[in-house]
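A short worksheet on the structure shown next.
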Amino acid sequence: MGKGLLQACTKYPASDRPVFLAGYAELCRLDLNGKPALEICSGHGELAFRLAQVFPGAEITGLDLYVPEQPAKEGWLTQCPNLSYVAGSAFDLSCFPPNSLDLIWGQAALHHLAHSTGDLGREAMRVLKPGGRLVFIFEPLGHNLLVAAIRAMRMSLAEMVDESNLFLSQIEKLAAPFSSCEVQVFNLLGYPMKAFSDRLLGLNRLIEEADAFLFRHFPWLRRYAANCNIILTK
């Protein structure tokens with residue numbers, strides 16, 4: 001996966017790290033050297049930089065509504081000549097020709113774009129090569145009423161105006177034109193117990209194992225997970 005990506009996971013709460021580890025492993029599942037990849041809603045651009053480090057022969061682009069200042073400030077562009085950033089919208093990828101990208105990904109991005117999954121899916125399908133992947137990492141699911149209530153309280157306290165939950169119906173709509181869709185789920189018991197498990201790493205591990213057991217033996221519980229990764233293949 002690469003040392004930089006592993007280090008990037010450590011800044012997140014322990015209860016969320018399995019989500020990021022699984023998502024980053026998916027980004028690295030195929031060799032991207034010699035191939036173009038795009039991060040949408042790239043924010044400060046660190047994840048694009050980390051992936052450019054892992055695949056120095058890849059062509060990595062970070063796209064956001066603005067071009068971030070952090071890459072130049074941190075020297076990321078000098079360290080990774082295969083890295084660039086552009087300003088633009090995930091709904092308008094006209095700067096990329098059809099069938100030109102092997103990978104598009106976003107981190108905590110889809111739930112900000114879910115008001116128009118049809119437009120998002122059409123643009124991704126247009127620019128992805130056959131067999132190309134669209135990957136979303138660390139997305140919130142909203143079917144669990146307890147999780148939704150806790151999340152709503154946290155969002156209200158922090159005055160987070162641009163947050164929402166995803167539902168499987170939205171993911172299914174996005175996935176309709178793709179040849180395959182995998183949804184990896186996380187944090188069933190883990191989310192409501194974050195306040196304890198993030199302070200007691202041994203407890204965190206037990207909760208992860210309990211969640212895995214429940215998802216494996218009671219598949220219907222998967223819809224009540226708090227977080228997910230989504231992997232779509234053209």
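Identifiers in this document derive from the order of the structure tokens: chains are assigned A, B, ..., residues are numbered from 1 separately in each chain, and ligands are numbered from 1 in order of occurrence.
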
Extract the full set of alpha helix (DSSP H) residues from range 3-195 of chain A according to DSSP on the backbone, and format it as a ChimeraX atom specification. /A:3-9,17-27,46-54,70-74,76-79,110-113,117-127,145-157,168-175,194-195

Test item: residues at most 12 Å from Ser94 in chain A, only C-alpha atoms, excluding those fewer than 2 positions along its chain, as a VMD selection string: chain A and resid 88 to 92 96 to 100 122 to 124 126 to 127

Write out as a VMD selection string all residues of range 12-55 of chain A that DSSP puts in strand (DSSP E or B) for this structure's backbone. chain A and resid 36 to 40

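Omitting Ala52 in chain A and its sequence neighbours fewer than 6 positions away, and counting only C-alpha atoms, the residues within 7 Å are A:Ala58, A:Ile60, A:Cys80, A:Asn82, A:Leu83.
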
What would the file look like if the residues just selected were written as a PDB file, in the first residue's frame with N, CA and C atoms?
```pdb
ATOM      1  N   ALA A  58       2.481   6.801 -12.425  1.00  0.00           N
ATOM      2  CA  ALA A  58       1.088   7.118 -12.736  1.00  0.00           C
ATOM      3  C   ALA A  58       0.930   8.613 -12.993  1.00  0.00           C
ATOM      4  N   ILE A  60      -1.406  11.353 -11.752  1.00  0.00           N
ATOM      5  CA  ILE A  60      -2.417  11.597 -10.718  1.00  0.00           C
ATOM      6  C   ILE A  60      -2.863  13.062 -10.751  1.00  0.00           C
ATOM      7  N   CYS A  80       6.704  15.016  -6.501  1.00  0.00           N
ATOM      8  CA  CYS A  80       5.965  14.112  -7.390  1.00  0.00           C
ATOM      9  C   CYS A  80       5.651  14.827  -8.703  1.00  0.00           C
ATOM     10  N   ASN A  82       4.590  13.626 -11.235  1.00  0.00           N
ATOM     11  CA  ASN A  82       3.417  12.975 -11.845  1.00  0.00           C
ATOM     12  C   ASN A  82       2.108  13.441 -11.226  1.00  0.00           C
ATOM     13  N   LEU A  83       2.170  14.518 -10.423  1.00  0.00           N
ATOM     14  CA  LEU A  83       1.003  14.999  -9.687  1.00  0.00           C
ATOM     15  C   LEU A  83       0.611  16.398 -10.173  1.00  0.00           C
TER      16      LEU A  83
END
```

Would you pick out the contacts of Pro177 in chain A at 9 Å or less, using only C-alpha atoms, so that residues sharing its chain but fewer than 5 positions from it are not included, and give the list as number ranges by chain? A: 121-122, 125, 234

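For the set A:Leu30, A:Ile40, A:Ala176, A:Leu51, the residue with the smallest atom-to-atom gap to Thr117 in chain A is A:Ala176, counting only C-alpha atoms.
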
Residues at most 12 Å from Ala25 in chain A, counting only C-alpha atoms, excluding those fewer than 6 positions away in the same chain, as a list in words? Met1, Gly2, Leu5, Leu6, Cys9, Arg17, Pro18, Val19, Asp31, Leu51, Val54, Val135, Ile137, Asn229 and Ile231 of chain A

Next, the residues of the selection above should be written as a short mmCIF file (atom, residue, chain, number, x, y, z; two decimals), in the first residue's frame with N, CA, C and O atoms.
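And here is the file that came out, selection_35.cif:
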```cif
data_model
loop_
_atom_site.label_atom_id
_atom_site.label_comp_id
_atom_site.auth_asym_id
_atom_site.auth_seq_id
_atom_site.Cartn_x
_atom_site.Cartn_y
_atom_site.Cartn_z
N MET A 1 0.82 -1.21 0.00
CA MET A 1 0.00 0.00 0.00
C MET A 1 0.86 1.26 0.00
O MET A 1 0.47 2.28 -0.56
N GLY A 2 2.00 1.21 0.62
CA GLY A 2 2.86 2.38 0.68
C GLY A 2 2.86 2.99 2.07
O GLY A 2 1.81 3.14 2.70
N LEU A 5 0.56 6.17 2.72
CA LEU A 5 -0.86 5.91 2.90
C LEU A 5 -1.13 5.32 4.28
O LEU A 5 -2.13 5.66 4.92
N LEU A 6 -0.25 4.44 4.73
CA LEU A 6 -0.42 3.87 6.07
C LEU A 6 -0.31 4.96 7.13
O LEU A 6 -1.07 4.97 8.10
N CYS A 9 -3.45 7.04 7.51
CA CYS A 9 -4.53 6.42 8.27
C CYS A 9 -4.44 6.72 9.76
O CYS A 9 -5.46 6.76 10.46
N ARG A 17 -10.21 3.64 11.28
CA ARG A 17 -9.05 3.24 10.47
C ARG A 17 -9.32 2.04 9.56
O ARG A 17 -8.84 2.02 8.41
N PRO A 18 -10.10 1.03 9.98
CA PRO A 18 -10.37 -0.07 9.05
C PRO A 18 -11.05 0.38 7.76
O PRO A 18 -10.80 -0.19 6.70
N VAL A 19 -11.89 1.42 7.83
CA VAL A 19 -12.55 1.93 6.63
C VAL A 19 -11.51 2.49 5.67
O VAL A 19 -11.52 2.20 4.47
N ASP A 31 -1.96 -1.95 -10.32
CA ASP A 31 -0.80 -1.11 -10.57
C ASP A 31 -1.22 0.07 -11.46
O ASP A 31 -1.66 -0.11 -12.59
N LEU A 51 -0.94 8.90 -3.15
CA LEU A 51 -1.05 7.90 -4.20
C LEU A 51 -0.01 8.12 -5.28
O LEU A 51 0.52 7.16 -5.85
N VAL A 54 3.07 6.40 -4.17
CA VAL A 54 3.01 4.95 -4.30
C VAL A 54 3.24 4.53 -5.75
O VAL A 54 3.92 3.53 -6.02
N VAL A 135 -14.28 4.79 -7.13
CA VAL A 135 -14.16 4.35 -5.74
C VAL A 135 -14.48 5.52 -4.81
O VAL A 135 -13.95 6.63 -4.97
N ILE A 137 -14.53 6.43 -0.66
CA ILE A 137 -13.98 5.97 0.61
C ILE A 137 -14.59 6.78 1.76
O ILE A 137 -14.72 8.01 1.66
N ASN A 229 -17.43 1.88 2.08
CA ASN A 229 -16.66 2.18 0.88
C ASN A 229 -17.44 1.61 -0.30
O ASN A 229 -18.09 0.57 -0.16
N ILE A 231 -17.17 0.54 -4.43
CA ILE A 231 -16.29 0.29 -5.57
C ILE A 231 -17.14 -0.07 -6.77
O ILE A 231 -17.82 -1.10 -6.77
#
```

12 Å contact set for Gly62 in chain A, only C-alpha atoms, chain neighbours under 3 positions out, as a PyMOL selection string: chain A and resi 36-52+59+65-68+71+77+82-90+103-107

So that I can check the surroundings of Leu145 in chain A, please list as a PDB file with C-alpha atoms, in the first residue's frame every protein, DNA and RNA residue that reaches within 10 Å of it, counting only C-alpha atoms and ignoring chain neighbours fewer than 5 positions away.
```pdb
ATOM      1  CA  ILE A 150     -25.829  10.609  16.965  1.00  0.00           C
ATOM      2  CA  ARG A 151     -24.516  11.955  13.680  1.00  0.00           C
ATOM      3  CA  TYR A 224     -27.393  -0.614   9.355  1.00  0.00           C
ATOM      4  CA  ALA A 226     -22.486   3.531   9.904  1.00  0.00           C
TER       5      ALA A 226
END
```

Just how far from CA of Leu166 in chain A is CA of Arg133 in chain A, in Å to one decimal? 19.8 Å

Which is closest to Leu141 in chain A among A:Lys73, A:His111, A:Arg199, A:Lys35, if we use only C-alpha atoms? A:His111

Taking only C-alpha atoms into account, produce a table as a Markdown table in which each residue of range 69-167 of chain A with an atom at most 9 Å from an atom of range 188-198 of chain A appears once, together with its shortest atom pair and the distance in Å to one decimal, ordered by chain and rising number.
```
| residue | atom | partner | partner_atom | distance |
| --- | --- | --- | --- | --- |
| A:Asn144 | CA | A:Leu188 | CA | 8.7 |
| A:Leu146 | CA | A:Pro192 | CA | 7.7 |
| A:Val147 | CA | A:Pro192 | CA | 6.6 |
| A:Ile150 | CA | A:Pro192 | CA | 7.6 |
```
